[in-house]
$ cat final-v5.csv   # CSV, C-alpha atoms
chain,number,residue,atom,x,y,z
A,113,MET,CA,0.0,0.0,0.0
A,114,SER,CA,1.2,3.5,-0.7
A,115,PHE,CA,2.7,5.7,1.9
A,116,LYS,CA,0.1,8.4,1.3
A,117,SER,CA,-2.8,6.0,1.9
A,118,LEU,CA,-1.2,3.7,4.5
A,119,VAL,CA,-0.3,6.3,7.2
A,120,PRO,CA,-3.8,7.7,7.6
A,121,MET,CA,-5.4,4.3,7.2
A,122,ALA,CA,-3.1,2.9,9.8
A,123,ALA,CA,-3.9,5.7,12.2
A,124,ALA,CA,-7.6,5.4,11.5
A,125,ALA,CA,-7.7,1.7,12.0
A,126,ALA,CA,-5.8,1.9,15.3
A,127,LEU,CA,-7.7,4.9,16.7
A,128,ILE,CA,-11.2,4.2,15.5
A,129,LEU,CA,-11.4,0.5,16.2
A,130,SER,CA,-10.1,0.3,19.7
A,131,SER,CA,-11.2,2.2,22.8
A,132,THR,CA,-7.9,1.3,24.5
A,133,THR,CA,-5.7,2.9,21.8
A,134,PRO,CA,-3.9,6.1,23.1
A,135,VAL,CA,-5.8,9.2,21.9
A,136,VAL,CA,-4.2,11.5,19.3
A,137,THR,CA,-5.3,15.1,19.4
A,138,GLN,CA,-6.9,16.6,16.4
A,139,ARG,CA,-4.8,19.4,14.9
A,140,GLY,CA,-6.2,22.7,13.8
A,141,GLY,CA,-9.5,22.4,15.7
A,142,GLY,CA,-12.8,22.9,14.0
A,143,PRO,CA,-15.7,20.5,13.7
A,144,ALA,CA,-14.9,16.9,12.9
A,145,PRO,CA,-16.1,15.5,9.6
A,146,THR,CA,-18.9,12.9,9.7
A,147,LEU,CA,-18.8,9.4,8.4
A,148,PRO,CA,-21.1,8.6,5.4
A,149,ASP,CA,-24.4,6.8,6.2
A,150,GLY,CA,-24.7,3.1,5.7
A,151,THR,CA,-24.4,-0.3,7.3
A,152,GLY,CA,-21.3,-0.2,9.5
A,153,LYS,CA,-21.3,3.5,10.3
A,154,GLU,CA,-22.6,3.0,13.9
A,155,LEU,CA,-20.3,0.2,14.5
A,156,VAL,CA,-17.3,2.4,13.6
A,157,GLN,CA,-18.7,5.5,15.2
A,158,THR,CA,-19.6,3.9,18.6
A,159,THR,CA,-16.1,2.5,19.0
A,160,CYS,CA,-14.4,5.7,18.0
A,161,THR,CA,-12.4,7.3,20.8
A,162,LYS,CA,-11.7,10.7,19.3
A,163,CYS,CA,-12.8,12.9,16.4
A,164,HIS,CA,-9.3,13.0,14.9
A,165,ALA,CA,-9.7,9.3,14.0
A,166,ILE,CA,-12.7,10.0,11.9
A,167,ASN,CA,-10.8,12.9,10.3
A,168,LEU,CA,-8.1,10.5,9.3
A,169,VAL,CA,-10.5,8.0,7.8
A,170,VAL,CA,-12.3,10.6,5.8
A,171,ASN,CA,-9.1,12.0,4.4
A,172,SER,CA,-7.4,8.6,3.9
A,173,GLY,CA,-6.2,7.3,0.5
A,174,GLY,CA,-8.6,4.4,0.8
A,175,GLY,CA,-8.1,0.7,0.0
A,176,THR,CA,-9.7,-2.5,-1.2
A,177,ARG,CA,-11.8,-4.5,1.2
A,178,ASP,CA,-8.9,-6.9,1.7
A,179,ASP,CA,-6.5,-4.0,2.3
A,180,TRP,CA,-8.8,-2.5,5.0
A,181,GLU,CA,-9.4,-5.9,6.7
A,182,LYS,CA,-5.7,-6.8,6.7
A,183,LEU,CA,-4.9,-3.4,8.0
A,184,PHE,CA,-7.3,-3.1,10.9
A,185,THR,CA,-6.8,-6.7,12.0
A,186,SER,CA,-3.1,-6.1,12.2
A,187,MET,CA,-3.8,-3.1,14.3
A,188,VAL,CA,-6.4,-4.1,16.8
A,189,GLU,CA,-8.5,-7.1,17.8
A,190,VAL,CA,-11.9,-7.0,16.2
A,191,PRO,CA,-14.7,-9.5,16.9
A,192,PRO,CA,-15.0,-11.9,13.9
A,193,ALA,CA,-18.7,-11.0,13.6
A,194,ASP,CA,-17.8,-7.3,13.1
A,195,ARG,CA,-14.9,-7.7,10.7
A,196,ALA,CA,-16.9,-8.1,7.5
A,197,THR,CA,-19.3,-5.2,8.3
A,198,ILE,CA,-16.4,-2.9,9.1
A,199,ALA,CA,-14.4,-4.0,6.0
A,200,ASP,CA,-17.4,-3.6,3.7
A,201,TYR,CA,-18.2,-0.2,5.0
A,202,LEU,CA,-14.7,1.2,4.8
A,203,ALA,CA,-14.1,-0.3,1.3
A,204,LYS,CA,-17.4,1.1,0.0
A,205,ASN,CA,-16.9,4.6,1.4
A,206,PHE,CA,-13.1,4.9,1.2
A,207,PRO,CA,-12.2,2.8,-1.9
A,208,GLU,CA,-8.7,2.3,-3.2
A,209,LYS,CA,-7.1,5.1,-5.2
A,210,PRO,CA,-4.8,4.5,-8.1
A,211,ARG,CA,-1.2,3.8,-7.2
A,212,PRO,CA,1.7,2.2,-9.0
A,213,LYS,CA,2.0,-1.6,-9.2
A,214,ALA,CA,5.2,-3.3,-8.3
A,215,VAL,CA,7.6,-3.8,-11.1
A,216,LEU,CA,9.3,-7.1,-10.7
A,217,ILE,CA,12.7,-7.4,-12.4
A,218,PRO,CA,14.5,-10.8,-12.5
A,219,GLY,CA,18.2,-11.2,-11.9
A,220,SER,CA,21.0,-13.4,-10.7
A,221,ALA,CA,20.5,-12.9,-7.0
A,222,SER,CA,18.2,-15.1,-4.9
A,223,VAL,CA,16.5,-14.1,-1.7
A,224,SER,CA,13.9,-15.5,0.7
A,225,ILE,CA,11.8,-13.3,2.9
A,226,LYS,CA,10.4,-14.4,6.2
A,227,GLU,CA,8.1,-12.2,8.3
A,228,TRP,CA,7.0,-12.3,11.9
A,229,VAL,CA,4.0,-10.4,13.3
A,230,ALA,CA,4.8,-8.1,16.3
A,231,PRO,CA,3.2,-9.4,19.5
A,232,THR,CA,1.3,-6.1,20.2
A,233,LEU,CA,-1.2,-5.4,17.5
A,234,GLY,CA,-1.0,-1.8,16.1
A,235,SER,CA,2.6,-1.3,17.4
A,236,ARG,CA,3.7,-0.1,13.9
A,237,PRO,CA,7.3,-1.2,13.8
A,238,HIS,CA,9.3,1.7,12.5
A,239,ASP,CA,13.0,1.0,12.4
A,240,PRO,CA,14.9,-2.4,12.6
A,241,LEU,CA,18.2,-3.0,14.3
A,242,ALA,CA,20.3,-6.1,13.6
A,243,THR,CA,22.6,-6.6,16.7
A,244,PRO,CA,25.9,-8.5,16.7
A,245,ASP,CA,24.4,-11.4,18.7
A,246,GLY,CA,22.1,-12.2,15.8
A,247,ASN,CA,18.9,-10.7,17.1
A,248,ILE,CA,16.7,-8.3,15.3
A,249,TRP,CA,15.2,-5.4,17.3
A,250,TRP,CA,12.4,-3.0,16.3
A,251,THR,CA,10.7,0.1,17.6
A,252,GLY,CA,7.0,-0.4,18.4
A,253,MET,CA,6.3,3.2,17.8
A,254,TRP,CA,2.6,3.2,18.7
A,255,ALA,CA,2.8,0.5,21.4
A,256,ASN,CA,5.6,2.3,23.2
A,257,VAL,CA,7.9,-0.7,23.3
A,258,LEU,CA,11.1,-2.0,21.9
A,259,GLY,CA,10.9,-5.5,20.5
A,260,ARG,CA,13.4,-8.3,20.1
A,261,LEU,CA,13.3,-11.2,17.7
A,262,ASP,CA,15.5,-14.3,17.6
A,263,PRO,CA,15.2,-15.3,14.0
A,264,LYS,CA,16.6,-18.8,14.7
A,265,THR,CA,13.8,-19.7,17.1
A,266,GLY,CA,11.1,-17.1,16.3
A,267,ALA,CA,11.1,-16.1,20.0
A,268,MET,CA,9.9,-12.5,20.5
A,269,LYS,CA,10.0,-10.2,23.5
A,270,GLU,CA,8.8,-6.7,24.0
A,271,PHE,CA,10.3,-4.2,26.5
A,272,PRO,CA,7.9,-1.5,27.7
A,273,LEU,CA,9.4,2.0,27.9
A,274,LYS,CA,9.5,4.2,30.9
A,275,THR,CA,7.7,7.3,29.6
A,276,PRO,CA,4.2,6.7,28.2
A,277,ALA,CA,3.6,7.5,24.5
A,278,SER,CA,7.3,8.3,24.0
A,279,GLY,CA,7.1,7.3,20.3
A,280,PRO,CA,10.2,5.1,19.9
A,281,HIS,CA,11.5,5.7,16.4
A,282,GLY,CA,15.2,5.0,15.5
A,283,LEU,CA,17.5,2.4,17.0
A,284,THR,CA,21.2,1.7,17.5
A,285,VAL,CA,23.4,-0.4,19.8
A,286,ASP,CA,26.5,0.4,21.7
A,287,LYS,CA,29.5,-1.9,22.2
A,288,ALA,CA,28.2,-3.1,25.6
A,289,GLY,CA,25.0,-4.3,24.0
A,290,ASN,CA,22.7,-1.5,25.3
A,291,ILE,CA,19.9,-0.5,22.9
A,292,TRP,CA,19.5,3.2,22.2
A,293,TYR,CA,16.4,4.7,20.8
A,294,THR,CA,14.9,8.1,20.0
A,295,GLY,CA,11.7,9.0,21.8
A,296,ASN,CA,10.1,10.9,18.9
A,297,THR,CA,7.1,12.3,20.6
A,298,LYS,CA,8.5,13.0,24.0
A,299,SER,CA,11.8,14.7,22.9
A,300,LEU,CA,14.2,12.3,24.5
A,301,VAL,CA,16.8,9.7,23.8
A,302,GLY,CA,16.6,6.4,25.7
A,303,LYS,CA,18.9,3.6,26.6
A,304,LEU,CA,17.7,0.1,27.3
A,305,ASP,CA,19.8,-2.5,29.1
A,306,PRO,CA,18.4,-5.8,27.7
A,307,ARG,CA,19.8,-7.8,30.5
A,308,THR,CA,17.9,-6.0,33.2
A,309,GLY,CA,15.2,-4.1,31.4
A,310,ASN,CA,16.4,-0.9,33.0
A,311,ILE,CA,15.8,2.2,30.9
A,312,THR,CA,17.8,5.5,31.2
A,313,GLU,CA,16.3,8.6,29.6
A,314,TYR,CA,18.1,11.7,28.3
A,315,PRO,CA,15.6,14.5,27.8
A,316,MET,CA,16.4,17.3,25.4
A,317,PRO,CA,17.9,20.4,27.1
A,318,ASP,CA,16.0,22.8,24.7
A,319,PRO,CA,12.2,22.9,24.5
A,320,ALA,CA,12.5,23.5,20.8
A,321,ALA,CA,14.4,20.2,20.3
A,322,ARG,CA,11.4,18.2,19.2
A,323,ASP,CA,11.1,15.1,17.0
A,324,PRO,CA,14.4,13.1,17.8
A,325,HIS,CA,14.6,10.9,14.7
A,326,THR,CA,17.6,8.8,13.7
A,327,PRO,CA,20.5,7.8,16.1
A,328,ILE,CA,23.9,6.5,15.3
A,329,PHE,CA,27.2,6.0,17.1
A,330,ASP,CA,30.4,7.3,15.6
A,331,GLN,CA,33.6,5.3,15.8
A,332,LYS,CA,34.5,6.7,19.2
A,333,GLY,CA,31.3,5.8,20.8
A,334,THR,CA,29.6,9.2,20.8
A,335,LEU,CA,25.9,9.2,19.9
A,336,PHE,CA,24.6,11.5,17.2
A,337,PHE,CA,21.0,11.9,16.2
A,338,THR,CA,18.8,14.0,14.0
A,339,LEU,CA,15.8,16.0,15.1
A,340,GLN,CA,13.7,16.3,12.0
A,341,GLN,CA,11.0,18.9,12.8
A,342,ALA,CA,13.3,20.9,15.1
A,343,ASN,CA,15.8,21.2,12.2
A,344,MET,CA,18.6,20.2,14.5
A,345,VAL,CA,21.3,17.6,15.0
A,346,GLY,CA,22.3,16.4,18.5
A,347,ARG,CA,25.4,14.9,20.0
A,348,LEU,CA,25.2,12.9,23.3
A,349,ASN,CA,28.1,11.8,25.4
A,350,PRO,CA,27.0,8.4,26.9
A,351,GLU,CA,29.5,8.7,29.8
A,352,THR,CA,28.2,12.0,31.1
A,353,GLY,CA,24.8,12.4,29.4
A,354,ASP,CA,25.7,15.8,28.1
A,355,ILE,CA,23.8,16.8,25.0
A,356,LYS,CA,24.9,19.4,22.5
A,357,LEU,CA,22.4,20.6,19.9
A,358,ILE,CA,23.1,22.5,16.6
A,359,THR,CA,20.6,24.0,14.2
A,360,MET,CA,21.0,23.3,10.5
A,361,PRO,CA,22.0,26.3,8.4
A,362,GLN,CA,18.9,26.3,6.2
A,363,PRO,CA,15.3,26.5,7.7
A,364,ARG,CA,13.1,23.4,7.3
A,365,SER,CA,16.0,21.2,6.2
A,366,LEU,CA,14.3,18.2,8.0
A,367,PRO,CA,17.5,16.3,8.8
A,368,TYR,CA,16.7,12.6,8.5
A,369,GLY,CA,18.8,9.4,8.0
A,370,MET,CA,22.5,9.3,9.1
A,371,VAL,CA,25.7,7.3,8.4
A,372,VAL,CA,29.3,7.5,9.5
A,373,SER,CA,32.2,7.5,7.0
A,374,SER,CA,35.5,5.7,7.3
A,375,ASN,CA,37.2,8.9,8.7
A,376,ASN,CA,34.4,9.3,11.3
A,377,THR,CA,32.5,12.1,9.5
A,378,ILE,CA,28.8,12.1,10.1
A,379,PHE,CA,26.7,12.3,6.9
A,380,LEU,CA,22.9,12.9,6.8
A,381,VAL,CA,20.2,13.7,4.2
A,382,GLU,CA,18.0,16.7,4.4
A,383,PHE,CA,14.5,15.5,3.7
A,384,GLY,CA,13.1,19.0,3.4
A,385,ALA,CA,15.5,20.0,0.6
A,386,ASN,CA,17.7,18.7,-2.1
A,387,ARG,CA,20.8,18.4,0.0
A,388,VAL,CA,23.2,16.0,1.7
A,389,ALA,CA,25.2,17.3,4.7
A,390,SER,CA,28.2,16.3,6.7
A,391,ILE,CA,29.0,17.1,10.3
A,392,ASP,CA,32.4,17.3,12.0
A,393,PRO,CA,32.0,15.1,15.1
A,394,VAL,CA,34.3,17.4,17.2
A,395,THR,CA,33.3,20.9,16.1
A,396,MET,CA,29.8,20.1,14.8
A,397,ALA,CA,30.6,22.2,11.8
A,398,VAL,CA,28.1,21.5,8.9
A,399,LYS,CA,29.0,21.3,5.2
A,400,GLU,CA,26.2,20.9,2.7
A,401,TYR,CA,26.2,19.2,-0.7
A,402,PRO,CA,23.4,20.5,-3.0
A,403,LEU,CA,21.9,17.8,-5.3
A,404,PRO,CA,21.3,18.8,-8.9
A,405,ASN,CA,17.5,18.5,-9.1
A,406,ALA,CA,15.5,21.0,-7.0
A,407,GLU,CA,12.7,18.5,-6.5
A,408,THR,CA,14.9,15.9,-4.9
A,409,ARG,CA,13.9,14.9,-1.4
A,410,PRO,CA,16.4,12.4,0.0
A,411,ARG,CA,14.9,10.4,2.9
A,412,ARG,CA,17.3,7.7,3.9
A,413,ILE,CA,21.0,7.2,3.4
A,414,ALA,CA,23.6,4.5,2.9
A,415,ILE,CA,27.4,4.5,2.5
A,416,THR,CA,29.7,2.1,0.6
A,417,SER,CA,33.3,1.2,1.3
A,418,ASP,CA,34.6,4.1,-1.0
A,419,ASP,CA,32.7,6.5,1.3
A,420,ALA,CA,30.2,7.3,-1.5
A,421,ILE,CA,26.8,8.4,-0.2
A,422,TRP,CA,23.7,6.8,-1.6
A,423,TYR,CA,20.3,8.2,-1.0
A,424,SER,CA,16.7,7.3,-1.7
A,425,ASP,CA,14.9,10.1,-3.5
A,426,TYR,CA,11.4,9.8,-2.1
A,427,SER,CA,9.8,12.6,-4.1
A,428,ARG,CA,11.1,11.7,-7.6
A,429,GLY,CA,11.5,7.9,-7.5
A,430,TYR,CA,15.3,7.8,-8.0
A,431,LEU,CA,18.3,6.2,-6.4
A,432,GLY,CA,21.2,8.6,-6.1
A,433,ARG,CA,25.0,8.5,-5.5
A,434,LEU,CA,27.1,11.5,-4.2
A,435,ASP,CA,30.8,11.5,-4.1
A,436,PRO,CA,31.6,13.9,-1.3
A,437,LYS,CA,35.2,14.3,-2.5
A,438,THR,CA,34.2,15.9,-5.8
A,439,GLY,CA,30.5,16.7,-5.3
A,440,ALA,CA,29.6,14.6,-8.4
A,441,VAL,CA,26.1,13.1,-8.4
A,442,LYS,CA,24.7,10.3,-10.5
A,443,GLU,CA,21.1,9.1,-10.4
A,444,TRP,CA,19.1,6.1,-11.6
A,445,ALA,CA,15.3,6.0,-12.1
A,446,SER,CA,13.9,3.4,-9.6
A,447,PRO,CA,12.1,0.5,-11.3
A,448,GLY,CA,8.7,1.4,-9.9
A,449,GLY,CA,8.7,4.8,-11.5
A,450,PRO,CA,8.4,8.4,-10.4
A,451,GLN,CA,5.6,7.6,-7.8
A,452,SER,CA,7.4,4.6,-6.2
A,453,GLN,CA,8.7,6.6,-3.2
A,454,PRO,CA,12.0,4.9,-2.4
A,455,TYR,CA,12.5,4.8,1.3
A,456,GLY,CA,14.5,2.5,3.5
A,457,ILE,CA,18.0,1.8,2.2
A,458,THR,CA,21.3,0.2,3.1
A,459,ALA,CA,24.6,-1.0,1.6
A,460,LEU,CA,25.7,-4.6,1.9
A,461,LYS,CA,29.1,-5.6,0.4
A,462,ASP,CA,28.9,-2.5,-1.7
A,463,VAL,CA,25.6,-3.5,-3.2
A,464,ILE,CA,22.7,-1.2,-2.6
A,465,TRP,CA,19.4,-2.5,-1.2
A,466,TYR,CA,16.3,-0.3,-0.7
A,467,SER,CA,12.5,-0.4,-0.6
A,468,GLU,CA,9.9,1.2,-2.8
A,469,SER,CA,7.2,2.3,-0.4
A,470,ALA,CA,4.4,3.4,-2.6
A,471,VAL,CA,4.1,0.5,-5.1
A,472,LYS,CA,1.7,-2.3,-4.4
A,473,PRO,CA,3.0,-4.5,-2.9
A,474,ASN,CA,6.1,-2.8,-1.6
A,475,THR,CA,9.3,-4.1,-3.3
A,476,LEU,CA,12.7,-4.9,-2.1
A,477,VAL,CA,15.2,-3.5,-4.7
A,478,ARG,CA,18.7,-4.6,-5.3
A,479,PHE,CA,21.1,-2.4,-7.3
A,480,ASP,CA,24.6,-3.5,-8.3
A,481,PRO,CA,26.8,-0.3,-8.8
A,482,LYS,CA,29.3,-2.4,-10.9
A,483,THR,CA,26.7,-3.4,-13.5
A,484,GLU,CA,24.2,-0.6,-12.8
A,485,LYS,CA,21.4,-3.3,-13.0
A,486,PHE,CA,18.3,-3.6,-10.8
A,487,GLN,CA,16.5,-6.6,-9.5
A,488,THR,CA,13.3,-6.5,-7.5
A,489,TRP,CA,11.1,-8.7,-5.3
A,490,ALA,CA,7.6,-8.3,-3.9
A,491,ILE,CA,7.4,-8.2,-0.1
A,492,PRO,CA,5.0,-11.1,0.8
A,493,SER,CA,2.8,-9.2,3.3
A,494,GLY,CA,2.7,-6.1,1.1
A,495,GLY,CA,5.2,-4.3,3.4
A,496,GLY,CA,3.0,-1.6,4.5
A,497,VAL,CA,5.8,0.9,4.0
A,498,VAL,CA,9.3,-0.3,4.8
A,499,ARG,CA,10.7,2.7,6.4
A,500,ASN,CA,14.2,1.4,7.2
A,501,MET,CA,16.4,-1.7,6.7
A,502,MET,CA,19.8,-2.8,8.0
A,503,ALA,CA,22.4,-5.4,7.1
A,504,THR,CA,22.9,-8.2,9.6
A,505,ARG,CA,26.2,-9.6,10.8
A,506,ASP,CA,26.0,-12.6,8.5
A,507,GLY,CA,25.2,-10.7,5.3
A,508,ASN,CA,21.4,-10.6,5.3
A,509,LEU,CA,18.8,-7.8,5.8
A,510,ALA,CA,16.5,-6.9,8.6
A,511,LEU,CA,13.3,-4.9,7.7
A,512,ALA,CA,10.5,-3.2,9.6
A,513,CYS,CA,7.2,-3.6,7.7
A,514,SER,CA,5.4,-0.8,9.4
A,515,GLY,CA,1.7,-0.8,8.4
A,516,VAL,CA,1.3,-4.5,8.5
A,517,ASN,CA,2.8,-4.8,12.0
A,518,ARG,CA,5.7,-7.1,11.0
A,519,VAL,CA,9.5,-7.4,11.1
A,520,ALA,CA,11.3,-9.4,8.4
A,521,LEU,CA,14.5,-11.2,7.7
A,522,VAL,CA,15.7,-11.3,4.1
A,523,THR,CA,18.1,-14.2,3.6
A,524,ILE,CA,20.4,-13.6,0.6
A,525,ASN,CA,21.5,-16.7,-1.2

$ encode --input "final-v5.csv" --output "structure tokens"
Amino acid sequence: MSFKSLVPMAAAAALILSSTTPVVTQRGGGPAPTLPDGTGKELVQTTCTKCHAINLVVNSGGGTRDDWEKLFTSMVEVPPADRATIADYLAKNFPEKPRPKAVLIPGSASVSIKEWVAPTLGSRPHDPLATPDGNIWWTGMWANVLGRLDPKTGAMKEFPLKTPASGPHGLTVDKAGNIWYTGNTKSLVGKLDPRTGNITEYPMPDPAARDPHTPIFDQKGTLFFTLQQANMVGRLNPETGDIKLITMPQPRSLPYGMVVSSNNTIFLVEFGANRVASIDPVTMAVKEYPLPNAETRPRRIAITSDDAIWYSDYSRGYLGRLDPKTGAVKEWASPGGPQSQPYGITALKDVIWYSESAVKPNTLVRFDPKTEKFQTWAIPSGGGVVRNMMATRDGNLALACSGVNRVALVTIN
């Protein structure tokens, strides 16, 4: 399902169909829209907890009957007797809107994709983390948990977080095995000790520092993180807890994904502009690299062994490569086309892997820089927007399939 349709659908399903779901406040005020008349309206309306949920349904991108049923049953428990009525009502009144179909390209690589459903329905796994011990972690953004999967046994465990509704978003791990996360909605960075379950929180020192987003450790063990809506980048000293924040040079840059180069330079993409930026880890000085097309909106970032920066151009449907040494940029049209919305991306043995989040179903895309050839696979569950991915220690891929409440392991043969 497409990003544009999935996000409001996911929010709507989670908020409308469960009286136990945390309430989301309606922005902008004003009267809430009403649901269309018809069989199922009262069933949806009587279980609604807040007007904002109705607003999200009315303005959603819609879906087929199967889309709606798969979505809301992955979000909340609905009595079997009510499922058909709800699905029929939503599909009739909020039908599927046109979106690109997955383009499947054969090739020489072979993969198998296995998915696991997160224990808490509606948790909306956002980012995955493959740790050195072989486990796969995820952020249960709406359930306020961190989850852990042992792919060998299928065993899953969730760790509730200290601050309610903290909105866990990005993940990383330190050398001691502690799991670090960004508390997106509560303006904090957190550390979980998996051995004890103890959580340490580091609140932002500036009230303007909202929306902590992607965390990453540099080679010296210092934590860096982006703050998207605040237009900031942060640096946290794990030994002292001290946090330093800088504001990006350009307004509304929306700093997003991050990587670290071989010489310990921090690189990030600016989702609000056509730019890549680097940050000196000591001075926090920022250098920006304009990308050639003004419409480019890089969302996630990867780096290869030659320190080339690769980005997923979400707005134009392109894969891009920047050489920071020369500023040279080269781009390739993604197989799914200009509306495919490339999103999660990583590099594995200098081969680029990424997801197309707006095609149906979402695709896993492989790009070999040596041959400049693409290969694609459909994600079995549909993906529900794969927002991020990461290489595992043994050369496979961990994915978070957000809207379908799953985490996945891609085994590369």

$ residues_around --input "final-v5.csv" --residues "region 336-352 of chain A" --least-positions-apart "3" --cutoff "7 Å" --atoms "all atoms listed in the file" --output "ChimeraX atom specification"
/A:320-329,355-360,363-368

$ residues_around --input "final-v5.csv" --residues "Trp489 (chain A)" --least-positions-apart "4" --cutoff "9 Å" --atoms "all atoms listed in the file" --output "JSON list (two decimals) with C-alpha atoms, keeping the file's coordinate frame"
[["chain", "number", "residue", "atom", "x", "y", "z"],
["A", 214, "ALA", "CA", 5.20, -3.30, -8.30],
["A", 215, "VAL", "CA", 7.60, -3.80, -11.10],
["A", 216, "LEU", "CA", 9.30, -7.10, -10.70],
["A", 217, "ILE", "CA", 12.70, -7.40, -12.40],
["A", 218, "PRO", "CA", 14.50, -10.80, -12.50],
["A", 223, "VAL", "CA", 16.50, -14.10, -1.70],
["A", 474, "ASN", "CA", 6.10, -2.80, -1.60],
["A", 475, "THR", "CA", 9.30, -4.10, -3.30],
["A", 476, "LEU", "CA", 12.70, -4.90, -2.10],
["A", 477, "VAL", "CA", 15.20, -3.50, -4.70],
["A", 478, "ARG", "CA", 18.70, -4.60, -5.30]]

$ residues_near_point --input "final-v5.csv" --point "(8.5, 4.9, 14.4)" --cutoff "10 Å" --atoms "only C-alpha atoms" --output "list in words"
Ser235, Arg236, Pro237, His238, Asp239, Pro240, Trp250, Thr251, Gly252, Met253, Trp254, Asn256, Gly279, Pro280, His281, Gly282, Leu283, Thr294, Gly295, Asn296, Thr297, His325, Thr326, Arg499, Asn500, Ala512 and Ser514 of chain A

$ write_last_selection --input "final-v5.csv" --atoms "C-alpha atoms" --output "compact mmCIF listing (two decimals), in the frame of the given file"
# COMPACT_ATOMS: atom_id res chain seq x y z
CA SER A 235 2.60 -1.30 17.40
CA ARG A 236 3.70 -0.10 13.90
CA PRO A 237 7.30 -1.20 13.80
CA HIS A 238 9.30 1.70 12.50
CA ASP A 239 13.00 1.00 12.40
CA PRO A 240 14.90 -2.40 12.60
CA TRP A 250 12.40 -3.00 16.30
CA THR A 251 10.70 0.10 17.60
CA GLY A 252 7.00 -0.40 18.40
CA MET A 253 6.30 3.20 17.80
CA TRP A 254 2.60 3.20 18.70
CA ASN A 256 5.60 2.30 23.20
CA GLY A 279 7.10 7.30 20.30
CA PRO A 280 10.20 5.10 19.90
CA HIS A 281 11.50 5.70 16.40
CA GLY A 282 15.20 5.00 15.50
CA LEU A 283 17.50 2.40 17.00
CA THR A 294 14.90 8.10 20.00
CA GLY A 295 11.70 9.00 21.80
CA ASN A 296 10.10 10.90 18.90
CA THR A 297 7.10 12.30 20.60
CA HIS A 325 14.60 10.90 14.70
CA THR A 326 17.60 8.80 13.70
CA ARG A 499 10.70 2.70 6.40
CA ASN A 500 14.20 1.40 7.20
CA ALA A 512 10.50 -3.20 9.60
CA SER A 514 5.40 -0.80 9.40

$ closest_residue --input "final-v5.csv" --among "A:Leu147, A:Met187, A:Leu434, A:Leu258" --to "Lys204 (chain A)" --atoms "all atoms listed in the file"
A:Leu147

$ atom_distance --input "final-v5.csv" --atom1 "CA of Arg387 (chain A)" --atom2 "CA of Leu403 (chain A)"
5.4 Å
